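Structure data follow from coords37.txt (compact mmCIF, C-alpha atoms):
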# COMPACT_ATOMS: atom_id res chain seq x y z
CA MET A 8 -53.23 62.12 -38.06
CA PRO A 9 -52.11 64.45 -35.24
CA THR A 10 -53.43 63.97 -31.74
CA ALA A 11 -56.31 66.33 -31.00
CA ALA A 12 -56.24 68.15 -27.68
CA PRO A 13 -59.27 67.30 -25.55
CA PRO A 14 -61.83 70.11 -25.37
CA ALA A 15 -61.79 72.15 -22.18
CA ALA A 16 -65.22 70.83 -21.18
CA SER A 17 -63.95 67.26 -21.46
CA ARG A 18 -60.74 67.35 -19.49
CA ILE A 19 -61.61 64.77 -16.82
CA ALA A 20 -60.73 61.16 -17.65
CA ILE A 21 -61.67 58.40 -15.22
CA VAL A 22 -59.71 55.15 -15.39
CA THR A 23 -60.84 52.05 -13.51
CA GLY A 24 -58.41 49.34 -12.49
CA ALA A 25 -55.65 51.95 -12.46
CA SER A 26 -53.49 50.33 -9.79
CA SER A 27 -51.35 48.39 -12.26
CA GLY A 28 -50.93 47.15 -15.82
CA ILE A 29 -53.02 48.62 -18.61
CA GLY A 30 -54.98 50.89 -16.26
CA ALA A 31 -51.90 52.53 -14.76
CA ALA A 32 -50.27 52.92 -18.19
CA THR A 33 -53.45 54.45 -19.60
CA ALA A 34 -53.65 56.94 -16.76
CA ARG A 35 -50.09 58.06 -17.47
CA ARG A 36 -50.77 58.39 -21.20
CA LEU A 37 -54.03 60.32 -20.81
CA ALA A 38 -52.43 62.66 -18.28
CA GLY A 39 -49.67 63.31 -20.77
CA ALA A 40 -52.33 64.09 -23.40
CA GLY A 41 -53.74 66.86 -21.21
CA TYR A 42 -56.48 65.18 -19.23
CA ARG A 43 -56.96 65.49 -15.50
CA VAL A 44 -57.06 61.81 -14.65
CA VAL A 45 -59.01 60.24 -11.83
CA LEU A 46 -57.51 56.91 -10.81
CA THR A 47 -59.80 54.28 -9.32
CA ALA A 48 -59.00 50.82 -7.96
CA ARG A 49 -59.37 48.93 -4.72
CA ARG A 50 -55.70 49.26 -3.74
CA LYS A 51 -55.51 52.72 -2.26
CA ASP A 52 -51.73 52.76 -1.80
CA ARG A 53 -51.09 51.90 -5.45
CA ILE A 54 -53.29 54.59 -6.97
CA GLU A 55 -52.11 57.22 -4.51
CA ALA A 56 -48.50 56.49 -5.45
CA LEU A 57 -49.40 56.71 -9.14
CA ALA A 58 -51.23 59.99 -8.63
CA GLU A 59 -48.14 61.40 -6.93
CA GLU A 60 -45.95 60.19 -9.81
CA ILE A 61 -48.20 61.78 -12.43
CA THR A 62 -48.42 65.03 -10.47
CA ALA A 63 -44.64 65.13 -10.04
CA ALA A 64 -44.35 64.86 -13.84
CA GLY A 65 -46.33 68.09 -14.16
CA HIS A 66 -49.76 66.63 -14.89
CA GLN A 67 -53.02 66.40 -12.93
CA ALA A 68 -54.16 63.25 -11.15
CA THR A 69 -56.44 62.28 -8.28
CA ALA A 70 -56.74 58.90 -6.57
CA TYR A 71 -60.12 57.53 -5.49
CA PRO A 72 -60.28 54.05 -3.94
CA LEU A 73 -63.25 52.23 -5.47
CA ASP A 74 -64.61 48.71 -5.91
CA VAL A 75 -66.46 48.77 -9.24
CA THR A 76 -68.70 45.89 -8.13
CA ASP A 77 -70.11 48.00 -5.26
CA ARG A 78 -72.98 49.93 -6.87
CA ALA A 79 -73.62 52.18 -3.87
CA ALA A 80 -69.95 53.20 -3.79
CA VAL A 81 -69.96 53.83 -7.55
CA ASP A 82 -73.06 56.03 -7.30
CA GLU A 83 -71.47 58.03 -4.49
CA PHE A 84 -68.28 58.41 -6.54
CA ALA A 85 -70.26 59.77 -9.50
CA THR A 86 -71.71 62.62 -7.42
CA ALA A 87 -68.25 64.21 -7.30
CA PHE A 88 -68.46 65.23 -10.97
CA ARG A 89 -70.55 67.68 -12.93
CA THR A 90 -69.11 66.60 -16.27
CA VAL A 91 -66.76 63.83 -17.35
CA GLY A 92 -64.96 63.68 -20.68
CA VAL A 93 -63.68 60.10 -20.74
CA LEU A 94 -64.49 56.90 -18.88
CA VAL A 95 -62.06 54.03 -19.39
CA ASN A 96 -63.66 50.81 -18.15
CA ASN A 97 -60.50 48.79 -17.63
CA ALA A 98 -61.13 46.96 -14.33
CA GLY A 99 -61.45 43.24 -14.92
CA GLY A 100 -59.27 40.17 -15.09
CA ALA A 101 -59.26 36.40 -15.42
CA LEU A 102 -59.36 33.63 -12.84
CA GLY A 103 -58.36 30.05 -13.61
CA LEU A 104 -57.97 28.07 -16.81
CA ASP A 105 -60.26 25.15 -16.03
CA PRO A 106 -62.55 23.44 -18.54
CA VAL A 107 -66.29 24.00 -18.35
CA ALA A 108 -66.76 20.60 -16.70
CA THR A 109 -64.71 21.56 -13.63
CA GLY A 110 -64.70 25.37 -13.62
CA ASP A 111 -65.29 27.09 -10.29
CA PRO A 112 -68.64 28.92 -10.31
CA ASP A 113 -67.27 31.43 -7.80
CA ASP A 114 -64.49 32.34 -10.24
CA TRP A 115 -67.04 32.72 -13.04
CA ARG A 116 -69.20 34.94 -10.84
CA THR A 117 -66.26 37.13 -9.83
CA MET A 118 -65.17 37.56 -13.45
CA TYR A 119 -68.69 38.48 -14.55
CA GLU A 120 -69.20 40.93 -11.71
CA THR A 121 -65.90 42.72 -12.37
CA ASN A 122 -65.73 42.65 -16.16
CA VAL A 123 -69.42 43.17 -16.94
CA LEU A 124 -71.31 44.52 -13.95
CA GLY A 125 -68.41 46.78 -12.97
CA THR A 126 -68.48 48.28 -16.45
CA LEU A 127 -72.26 48.57 -16.26
CA HIS A 128 -72.16 50.34 -12.87
CA LEU A 129 -69.62 52.97 -13.93
CA THR A 130 -71.21 53.54 -17.32
CA GLN A 131 -74.72 53.97 -15.91
CA ALA A 132 -73.56 56.25 -13.10
CA LEU A 133 -71.43 58.47 -15.34
CA LEU A 134 -73.36 58.53 -18.60
CA PRO A 135 -75.25 61.73 -17.64
CA LYS A 136 -71.90 63.38 -16.83
CA LEU A 137 -70.45 62.26 -20.17
CA ASP A 138 -73.52 63.66 -21.91
CA ALA A 139 -73.15 66.94 -20.03
CA SER A 140 -69.58 67.37 -21.29
CA GLY A 141 -70.90 67.75 -24.83
CA ASP A 142 -68.13 65.44 -26.05
CA GLY A 143 -67.92 62.29 -23.95
CA THR A 144 -66.18 58.99 -24.60
CA VAL A 145 -66.81 55.58 -23.05
CA VAL A 146 -63.98 53.09 -23.52
CA VAL A 147 -64.51 49.41 -22.80
CA VAL A 148 -61.27 47.45 -22.55
CA SER A 149 -62.38 43.98 -23.51
CA SER A 150 -60.08 41.33 -24.98
CA THR A 151 -59.64 39.16 -28.03
CA ALA A 152 -61.41 36.70 -25.71
CA ALA A 153 -64.52 38.81 -26.33
CA HIS A 154 -64.49 37.70 -29.96
CA SER A 155 -63.12 34.16 -30.01
CA THR A 156 -63.15 31.21 -27.62
CA TYR A 157 -60.33 28.96 -26.44
CA GLU A 158 -60.18 25.83 -24.32
CA GLY A 159 -60.03 26.47 -20.60
CA GLY A 160 -61.11 30.07 -21.00
CA ALA A 161 -64.90 29.79 -20.98
CA GLY A 162 -65.48 31.81 -17.82
CA TYR A 163 -63.26 34.68 -18.92
CA VAL A 164 -64.47 34.45 -22.52
CA ALA A 165 -68.09 34.63 -21.36
CA ALA A 166 -67.36 37.69 -19.25
CA LYS A 167 -65.49 39.50 -22.01
CA HIS A 168 -68.21 38.61 -24.51
CA GLY A 169 -70.56 40.32 -22.07
CA ALA A 170 -68.39 43.44 -22.02
CA HIS A 171 -68.28 43.45 -25.82
CA VAL A 172 -72.06 43.15 -26.11
CA LEU A 173 -72.52 45.94 -23.55
CA ALA A 174 -70.37 48.29 -25.64
CA GLU A 175 -71.98 47.31 -28.93
CA THR A 176 -75.51 47.71 -27.59
CA LEU A 177 -74.79 50.99 -25.82
CA ARG A 178 -73.46 52.44 -29.07
CA LEU A 179 -76.80 51.62 -30.75
CA GLU A 180 -78.87 52.99 -27.89
CA ILE A 181 -77.18 56.38 -27.56
CA VAL A 182 -76.52 57.21 -31.21
CA GLY A 183 -77.23 60.89 -31.75
CA ARG A 184 -76.01 61.85 -28.29
CA PRO A 185 -72.58 63.49 -27.83
CA VAL A 186 -70.92 60.33 -26.47
CA ARG A 187 -68.70 57.90 -28.36
CA VAL A 188 -68.39 54.23 -27.40
CA ILE A 189 -65.00 52.64 -28.13
CA GLU A 190 -64.00 49.03 -27.57
CA ILE A 191 -60.32 48.12 -27.37
CA ALA A 192 -59.68 44.36 -27.52
CA PRO A 193 -56.08 43.44 -26.63
CA GLY A 194 -54.57 40.05 -27.32
CA MET A 195 -51.51 38.73 -25.47
CA VAL A 196 -50.29 41.46 -23.12
CA ARG A 197 -47.52 40.75 -20.66
CA THR A 198 -48.16 42.69 -17.46
CA GLU A 199 -46.88 42.13 -13.95
CA GLU A 200 -50.15 40.72 -12.61
CA PHE A 201 -52.63 39.39 -15.20
CA ALA A 202 -51.36 35.82 -15.58
CA LEU A 203 -50.16 35.70 -11.98
CA THR A 204 -53.66 36.54 -10.76
CA ARG A 205 -55.23 34.07 -13.18
CA PHE A 206 -53.15 31.24 -11.73
CA GLY A 207 -53.53 32.20 -8.08
CA GLY A 208 -49.97 33.46 -7.68
CA ASP A 209 -48.30 30.45 -9.33
CA THR A 210 -45.30 32.10 -11.00
CA GLU A 211 -44.31 28.99 -12.98
CA LYS A 212 -47.71 28.74 -14.66
CA ALA A 213 -47.79 32.48 -15.25
CA GLU A 214 -44.40 32.44 -16.97
CA LYS A 215 -45.42 29.60 -19.29
CA VAL A 216 -48.11 31.82 -20.82
CA TYR A 217 -45.40 33.97 -22.43
CA GLN A 218 -42.64 31.37 -22.77
CA GLY A 219 -40.86 31.67 -26.11
CA VAL A 220 -43.14 34.44 -27.37
CA PRO A 221 -41.06 37.20 -28.95
CA ASP A 222 -42.29 40.61 -27.82
CA PRO A 223 -45.78 40.17 -26.42
CA LEU A 224 -47.64 43.46 -26.06
CA THR A 225 -46.89 45.65 -23.07
CA ALA A 226 -49.36 47.62 -20.98
CA ASP A 227 -48.00 50.79 -22.56
CA ASP A 228 -48.69 49.46 -26.06
CA VAL A 229 -52.36 49.10 -25.16
CA ALA A 230 -52.43 52.43 -23.32
CA ASP A 231 -51.00 54.11 -26.42
CA THR A 232 -53.78 52.54 -28.50
CA ILE A 233 -56.47 53.67 -26.05
CA THR A 234 -55.13 57.22 -25.95
CA TRP A 235 -54.93 57.39 -29.74
CA ALA A 236 -58.57 56.29 -30.05
CA VAL A 237 -59.76 58.72 -27.37
CA THR A 238 -57.93 61.70 -28.88
CA ARG A 239 -59.36 61.38 -32.39
CA PRO A 240 -61.56 64.30 -33.49
CA PRO A 241 -65.01 64.15 -31.83
CA HIS A 242 -66.79 62.95 -34.98
CA VAL A 243 -64.45 59.95 -35.34
CA ASN A 244 -65.54 56.84 -33.42
CA ILE A 245 -63.20 53.85 -33.28
CA ASP A 246 -65.94 51.28 -32.76
CA LEU A 247 -63.64 48.30 -32.25
CA LEU A 248 -59.87 48.01 -32.33
CA VAL A 249 -58.24 44.59 -31.94
CA VAL A 250 -54.55 44.77 -31.08
CA ARG A 251 -52.24 41.76 -30.87
CA PRO A 252 -48.49 41.21 -30.92
CA ARG A 253 -47.13 40.16 -34.30
CA ALA A 254 -46.40 36.70 -32.87
CA GLN A 255 -50.06 36.05 -32.12
CA ALA A 256 -52.32 35.26 -35.07
CA SER A 257 -55.30 34.21 -32.93
CA ASN A 258 -56.11 33.19 -29.37
CA THR A 259 -54.87 29.68 -30.15
CA LYS A 260 -52.17 30.34 -32.77
CA VAL A 261 -49.02 31.85 -31.22
CA HIS A 262 -45.46 31.70 -32.54
CA ARG A 263 -43.01 30.59 -29.87
CA GLU A 264 -39.26 30.48 -30.30
CA PRO A 265 -37.17 27.66 -28.76

Using structure tokens, write down the structure from this file.
Amino acid sequence: MPTAAPPAASRIAIVTGASSGIGAATARRLAGAGYRVVLTARRKDRIEALAEEITAAGHQATAYPLDVTDRAAVDEFATAFRTVGVLVNNAGGALGLDPVATGDPDDWRTMYETNVLGTLHLTQALLPKLDASGDGTVVVVSSTAAHSTYEGGAGYVAAKHGAHVLAETLRLEIVGRPVRVIEIAPGMVRTEEFALTRFGGDTEKAEKVYQGVPDPLTADDVADTITWAVTRPPHVNIDLLVVRPRAQASNTKVHREP
């Protein structure tokens, strides 16, 4: 099916967590698909550099430093827009791999606030703008962790389950309105920061996550999937799309080569 050009009224696409990884790759892809992308993240220098890169490539991009867990800042951000075509709730991440018995409650709280409340803040603040576009799309980037547990992952799994339930419930609540709700659930994606952040900067532990795995997904693989889902005709809603590398059959079953 060919990619559909976004309607003129829906040209603005907001991407959270756009300073690296899946967020940055998605911003590039959506810009290439004709959207004027608005890049948000806490790291101002990163998103400004990305906005310059996208602009230099002949597309439209604006950087807006934003902490998605700060509701007052999110509400102020939302006032800048009359209509919004696409909101990609990508900001999130994992911290630690401890069992429930010894998990750090502060890590759990941070993961919940970023993955769930951050998504809630942006979605609530921008839903009227998405409605006003006449053809809005909310994307929630969850994870295969949103659908299946694994040892040591309870805090992250709980947060991503929350993001999944938010998307699923929102879809029920706004049916009949001109806004689609899409959930993209990636499996093993090798990015420059995800595992490194999870293990507090321990490069050895981060590398072991992908050790021996032939061709884990890249950020661009997921960005391509997101852009494909967003650019389907307006009546087509990709409710849930799970995407894994071929080497990963489940969260706990991964083929590793010697």

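Candidate residues A:Leu137, A:Leu73, A:Tyr163, A:Gln67 were compared for distance to Phe88 (chain A), and the nearest is A:Leu137, using all atoms listed in the file.
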
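Proximity to Glu158 (chain A) was assessed for A:Val45, A:Leu134, A:Leu247, A:Leu104 counting all atoms listed in the file; the smallest distance is recorded for A:Leu104.
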
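Nearest-residue note for Leu177 (chain A): choosing from A:Asp231, A:Glu264, A:Glu211, A:Asp246, the minimum distance belongs to A:Asp246, counting all atoms listed in the file.
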
Practice problem: Report the distance between CA of Val148 (chain A) and CA of Glu120 (chain A) in Å, rounded to one decimal place. | Solution: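 A separation of 14.9 Å between them.
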
Please give the centre and size of the box around region 135-146 of chain A (axis-aligned, containing every atom listed in the file, 3 Å added per side), with values in Å to one decimal and written as JSON.
{"center_x": -69.6, "center_y": 60.4, "center_z": -21.4, "size_x": 17.3, "size_y": 20.7, "size_z": 15.2}

Exercise. To one decimal in Å, tell me the separation between CA of Ala34 (chain A) and CA of Thr176 (chain A).
Key: 26.1 Å

Hey, what's within 7 Å of Ser150 (chain A) if we count all atoms listed in the file and toss same-chain stuff fewer than 2 positions away? As a short mmCIF file (atom, residue, chain, number, x, y, z; two decimals) with C-alpha atoms, in the coordinates of the input, please?
data_model
loop_
_atom_site.label_atom_id
_atom_site.label_comp_id
_atom_site.auth_asym_id
_atom_site.auth_seq_id
_atom_site.Cartn_x
_atom_site.Cartn_y
_atom_site.Cartn_z
CA VAL A 148 -61.27 47.45 -22.55
CA ALA A 152 -61.41 36.70 -25.71
CA ALA A 153 -64.52 38.81 -26.33
CA LYS A 167 -65.49 39.50 -22.01
CA ALA A 192 -59.68 44.36 -27.52
CA PRO A 193 -56.08 43.44 -26.63
CA GLY A 194 -54.57 40.05 -27.32
#

Self-check item: Val216 (chain A) surroundings by all atoms listed in the file, 10 Å radius, close-in-sequence under 6 positions cut, as a list in words
Solution: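 Contacts, with the query itself left out: Met195, Arg197, Ala202 and Leu203 of chain A.
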
Expected file: the selected residues, C-alpha atoms, as an mmCIF file, in the coordinates of the input:
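Okay, this is what ended up in result-v2.cif:
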data_model
loop_
_atom_site.group_PDB
_atom_site.id
_atom_site.type_symbol
_atom_site.label_atom_id
_atom_site.label_comp_id
_atom_site.auth_asym_id
_atom_site.auth_seq_id
_atom_site.Cartn_x
_atom_site.Cartn_y
_atom_site.Cartn_z
ATOM 1 C CA MET A 195 -51.510 38.730 -25.470
ATOM 2 C CA ARG A 197 -47.520 40.750 -20.660
ATOM 3 C CA ALA A 202 -51.360 35.820 -15.580
ATOM 4 C CA LEU A 203 -50.160 35.700 -11.980
#

Quiz prompt | Interatomic distance (Å, one decimal) between CA of Pro241 (chain A) and CA of Ile21 (chain A) | solution = 17.9 Å

Quiz item: Please, which residues are within 10 Å of (-45.7, 35.1, -35.0) by the file's coordinates, counting only C-alpha atoms, and could they come as a ChimeraX atom specification?
Solution: /A:220-223,252-257,260-264

Quiz prompt | Using only C-alpha atoms: which of A:Asn97, A:Thr76, A:Thr86, A:Thr259 has the shortest distance to Ala25 (chain A) | solution =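 Among the listed residues, the smallest separation from Ala25 (chain A) belongs to A:Asn97.
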
Self-check item: Within 9 Å of Gly30 (chain A) using all atoms listed in the file, minus same-chain residues under 6 positions, as a VMD selection string
Solution: chain A and resid 22 to 24 46 95 to 98 226 230

Write out as a PDB file with C-alpha atoms, in the coordinates of the input which residues come within 9 Å of His128 (chain A) when counting only C-alpha atoms, dropping same-chain ones fewer than 2 positions away.
ATOM      1  CA  VAL A  75     -66.460  48.770  -9.240  1.00  0.00           C
ATOM      2  CA  THR A  76     -68.700  45.890  -8.130  1.00  0.00           C
ATOM      3  CA  ASP A  77     -70.110  48.000  -5.260  1.00  0.00           C
ATOM      4  CA  ARG A  78     -72.980  49.930  -6.870  1.00  0.00           C
ATOM      5  CA  VAL A  81     -69.960  53.830  -7.550  1.00  0.00           C
ATOM      6  CA  ASP A  82     -73.060  56.030  -7.300  1.00  0.00           C
ATOM      7  CA  VAL A 123     -69.420  43.170 -16.940  1.00  0.00           C
ATOM      8  CA  LEU A 124     -71.310  44.520 -13.950  1.00  0.00           C
ATOM      9  CA  GLY A 125     -68.410  46.780 -12.970  1.00  0.00           C
ATOM     10  CA  THR A 126     -68.480  48.280 -16.450  1.00  0.00           C
ATOM     11  CA  THR A 130     -71.210  53.540 -17.320  1.00  0.00           C
ATOM     12  CA  GLN A 131     -74.720  53.970 -15.910  1.00  0.00           C
ATOM     13  CA  ALA A 132     -73.560  56.250 -13.100  1.00  0.00           C
ATOM     14  CA  LEU A 133     -71.430  58.470 -15.340  1.00  0.00           C
TER      15      LEU A 133
END

Exercise. Between A:Arg187, A:Arg36, A:Arg205, A:His66, single out the one closest to Ile245 (chain A), counting all atoms listed in the file.
Key: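 Of A:Arg187, A:Arg36, A:Arg205, A:His66, the one nearest Ile245 (chain A), counting all atoms listed in the file, is A:Arg187.
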
Quiz item: Nearest to His242 (chain A): which of A:Asp52, A:Asp228, A:Glu60, A:Asp142 is it, counting all atoms listed in the file?
Solution: A:Asp142

Quiz prompt | Ala236 (chain A) surroundings by only C-alpha atoms, 10 Å radius, close-in-sequence under 3 positions cut, as a list in words | solution = Thr10, Thr144, Val146, Ile189, Glu190, Ile191, Ala230, Asp231, Thr232, Ile233, Arg239, Pro240, Val243, Asn244, Ile245, Asp246, Leu247 and Leu248 of chain A

Practice problem: Counting all atoms listed in the file, note down every residue that has an atom within 12 Å of the point (-49.1, 54.8, -4.1) (file coordinates), as a ChimeraX atom specification. | Solution: /A:25-27,31,46-61,69-72
